[in-house]
Amino acid sequence: AASGKGEPQRIAKLLARAGVASRREIERMIEGGRIALNGEAVTTPATLLPSLHGVTVDGVPVSQPAPTRLFLFHKPSGFLTTERDPAGRPTIYDRLPADLPRVMPIGRLDMTTEGLLLLTTDGEFKRQMELPATGVPRTYRARAFGEVSQAQLEDLFDGLEIDGIRYGRIDANLERRTGRNQWIEMTLTEGKNREVRRVLEHLGLKVNRLIRTSYGPFQLGELAEGAVEEVRQHDLIVFRKGLKA
């Protein structure tokens with residue numbers, strides 16, 4: 001499978017693994033007639049193939065998947081986690097080094113959220129890391145204005161529902177207070193849209209700074225703002241072996 005040959009697999013999965021795009025984006029590309037097999041447009045992402053031989057995207061042959069690569073990026077505040085923005089706002093791709101291969105973000109960070117963002121060349125790995133069922137923990141440090149007790153934070157361990165949306169278990173700890181600002185560390189595994197902010201706002205707090213410090217075993221550490229660091233292949237292979245299927 002790593003070489004793109006062997007048992008037949010869905011074309012969307014093979015293309016994602018080759019780093020063409022995420023599965024969702026590949027499905028849109030197929031709908032738009034941009035992907036072909038031996039000169040004929042592919043009509044369904046469920047098409048089974050043993051390899052990418054004969055597959056083209058916009059008329060350009062697709063290379064067989066290279067080994068998955070993973071990068072740590074210290075995302076600054078003020079950048080969108082997207083490739084392009086119709087409104088012309090700055091995106092993470094405006095800050096990434098020009099010599100990086102084509103990479104996709106694993107999960108998203110809000111424009112004003114900073115900290116660790118994982119980037120990968122493998123769309124299938126991206127999907128696996130983002131699935132709630134995989135259970136990869138993400139840890140954040142939030143600075144929030146208002147009052148909250150450790151007992152209130154410990155209640156989040158059982159999960160909660162806000163406006164009809166169910167949020168799973170959150171391990172939250174009050175680190176320290178500075179005036180009426182609280183520093184809170186939160187670890188969760190689902191990563192729903194704006195989850196940390198919504199949960200803390202539900203507790204009556206106003207988040208004024210949010211930093212992701214880890215994603216799985218990968219740590220922000222002392223990585224400078226805007227810097228990129230590649231994960232060693234050995235460490236990535238060991239991590240992937242331990243991931244839930």
# chains A, B, ... in the order shown; residues from 1 in each chain; ligands from 1
call {"tool": "select_by_dssp", "arguments": {"residues": "region 25-245 of chain A", "states": "helix (DSSP H, G or I)", "output": "MDAnalysis selection string"}}
result
chainID A and resid 25:31 92:94 123:130 132:134 150:158 195:202 233:241
call {"tool": "select_by_dssp", "arguments": {"residues": "region 22-135 of chain A", "states": "strand (DSSP E)", "output": "list of chain:residue names"}}
result
A:Ile35, A:Ala36, A:Leu37, A:Glu40, A:Ala41, A:Leu48, A:Leu49, A:Val55, A:Thr56, A:Val57, A:Val60, A:Pro61, A:Leu70, A:Phe71, A:Leu72, A:Phe73, A:His74, A:Lys75, A:Met104, A:Pro105, A:Ile106, A:Glu114, A:Gly115, A:Leu116, A:Leu117, A:Leu118, A:Leu119, A:Thr120
call {"tool": "residues_around", "arguments": {"residues": "region 24-37 of chain A", "least_positions_apart": "2", "cutoff": "12 Å", "atoms": "only C-alpha atoms", "output": "NGL selection string"}}
result
:A and (10-22 or 39-49 or 51-62 or 104 or 123-124 or 126-127)
call {"tool": "write_last_selection", "arguments": {"atoms": "C-alpha atoms", "output": "short mmCIF file (atom, residue, chain, number, x, y, z; two decimals), in the first residue's frame"}}
result
data_model
loop_
_atom_site.label_atom_id
_atom_site.label_comp_id
_atom_site.auth_asym_id
_atom_site.auth_seq_id
_atom_site.Cartn_x
_atom_site.Cartn_y
_atom_site.Cartn_z
CA ARG A 10 -10.68 3.27 -3.74
CA ILE A 11 -9.20 5.85 -6.06
CA ALA A 12 -10.06 8.62 -3.58
CA LYS A 13 -8.01 6.88 -0.90
CA LEU A 14 -5.05 6.31 -3.24
CA LEU A 15 -5.06 9.92 -4.40
CA ALA A 16 -5.32 11.20 -0.83
CA ARG A 17 -2.39 9.02 0.21
CA ALA A 18 -0.41 10.39 -2.75
CA GLY A 19 -0.96 13.89 -1.38
CA VAL A 20 -3.14 15.14 -4.22
CA ALA A 21 -5.79 16.48 -1.82
CA SER A 22 -8.06 15.42 1.00
CA GLY A 39 -8.04 9.08 -20.70
CA GLU A 40 -11.62 8.53 -19.48
CA ALA A 41 -13.15 10.62 -16.73
CA VAL A 42 -13.59 8.84 -13.40
CA THR A 43 -17.21 9.12 -12.26
CA THR A 44 -17.08 7.83 -8.69
CA PRO A 45 -14.58 8.07 -5.80
CA ALA A 46 -15.36 4.40 -5.06
CA THR A 47 -13.55 3.24 -8.24
CA LEU A 48 -11.22 0.41 -7.20
CA LEU A 49 -7.63 0.37 -8.46
CA SER A 51 -2.30 1.50 -8.21
CA LEU A 52 -2.38 4.99 -9.69
CA HIS A 53 -0.96 3.86 -13.01
CA GLY A 54 -2.84 5.68 -15.80
CA VAL A 55 -4.50 8.16 -13.46
CA THR A 56 -4.31 11.86 -14.31
CA VAL A 57 -5.46 15.05 -12.58
CA ASP A 58 -6.17 17.90 -14.97
CA GLY A 59 -4.36 15.87 -17.61
CA VAL A 60 -1.18 15.48 -15.54
CA PRO A 61 -0.11 11.92 -14.55
CA VAL A 62 -0.15 11.27 -10.80
CA MET A 104 -2.25 19.70 4.15
CA GLY A 123 -4.33 12.99 2.77
CA GLU A 124 -5.26 9.57 4.14
CA LYS A 126 -4.70 13.53 7.66
CA ARG A 127 -8.15 11.93 7.66
#
call {"tool": "closest_residue", "arguments": {"among": "A:Glu7, A:Gly159, A:Arg84, A:Leu96", "to": "Ala227 (chain A)", "atoms": "only C-alpha atoms"}}
result
A:Leu96
call {"tool": "residues_around", "arguments": {"residues": "Gly226 (chain A)", "least_positions_apart": "3", "cutoff": "10 Å", "atoms": "only C-alpha atoms", "output": "JSON, numbers by chain"}}
result
{"A": [73, 74, 75, 76, 77, 92, 95, 96, 97, 114, 115, 223]}
call {"tool": "write_last_selection", "arguments": {"atoms": "C-alpha atoms", "output": "PDB file, in the first residue's frame"}}
result
ATOM      1  CA  PHE A  73       4.320  24.336  12.391  1.00  0.00           C
ATOM      2  CA  HIS A  74       4.034  27.043  15.020  1.00  0.00           C
ATOM      3  CA  LYS A  75       1.036  28.904  13.648  1.00  0.00           C
ATOM      4  CA  PRO A  76       0.941  32.588  14.559  1.00  0.00           C
ATOM      5  CA  SER A  77      -2.296  34.366  15.382  1.00  0.00           C
ATOM      6  CA  ILE A  92      -0.855  29.785   6.800  1.00  0.00           C
ATOM      7  CA  ARG A  95       3.955  31.953   6.154  1.00  0.00           C
ATOM      8  CA  LEU A  96       5.182  28.495   5.144  1.00  0.00           C
ATOM      9  CA  PRO A  97       8.673  28.108   3.624  1.00  0.00           C
ATOM     10  CA  GLU A 114      -1.959  30.039  17.699  1.00  0.00           C
ATOM     11  CA  GLY A 115       0.358  27.153  18.439  1.00  0.00           C
ATOM     12  CA  LEU A 223       9.471  25.867  18.304  1.00  0.00           C
TER      13      LEU A 223
END
call {"tool": "atom_distance", "arguments": {"atom1": "CA of Phe71 (chain A)", "atom2": "CA of Leu119 (chain A)"}}
result
5.0 Å
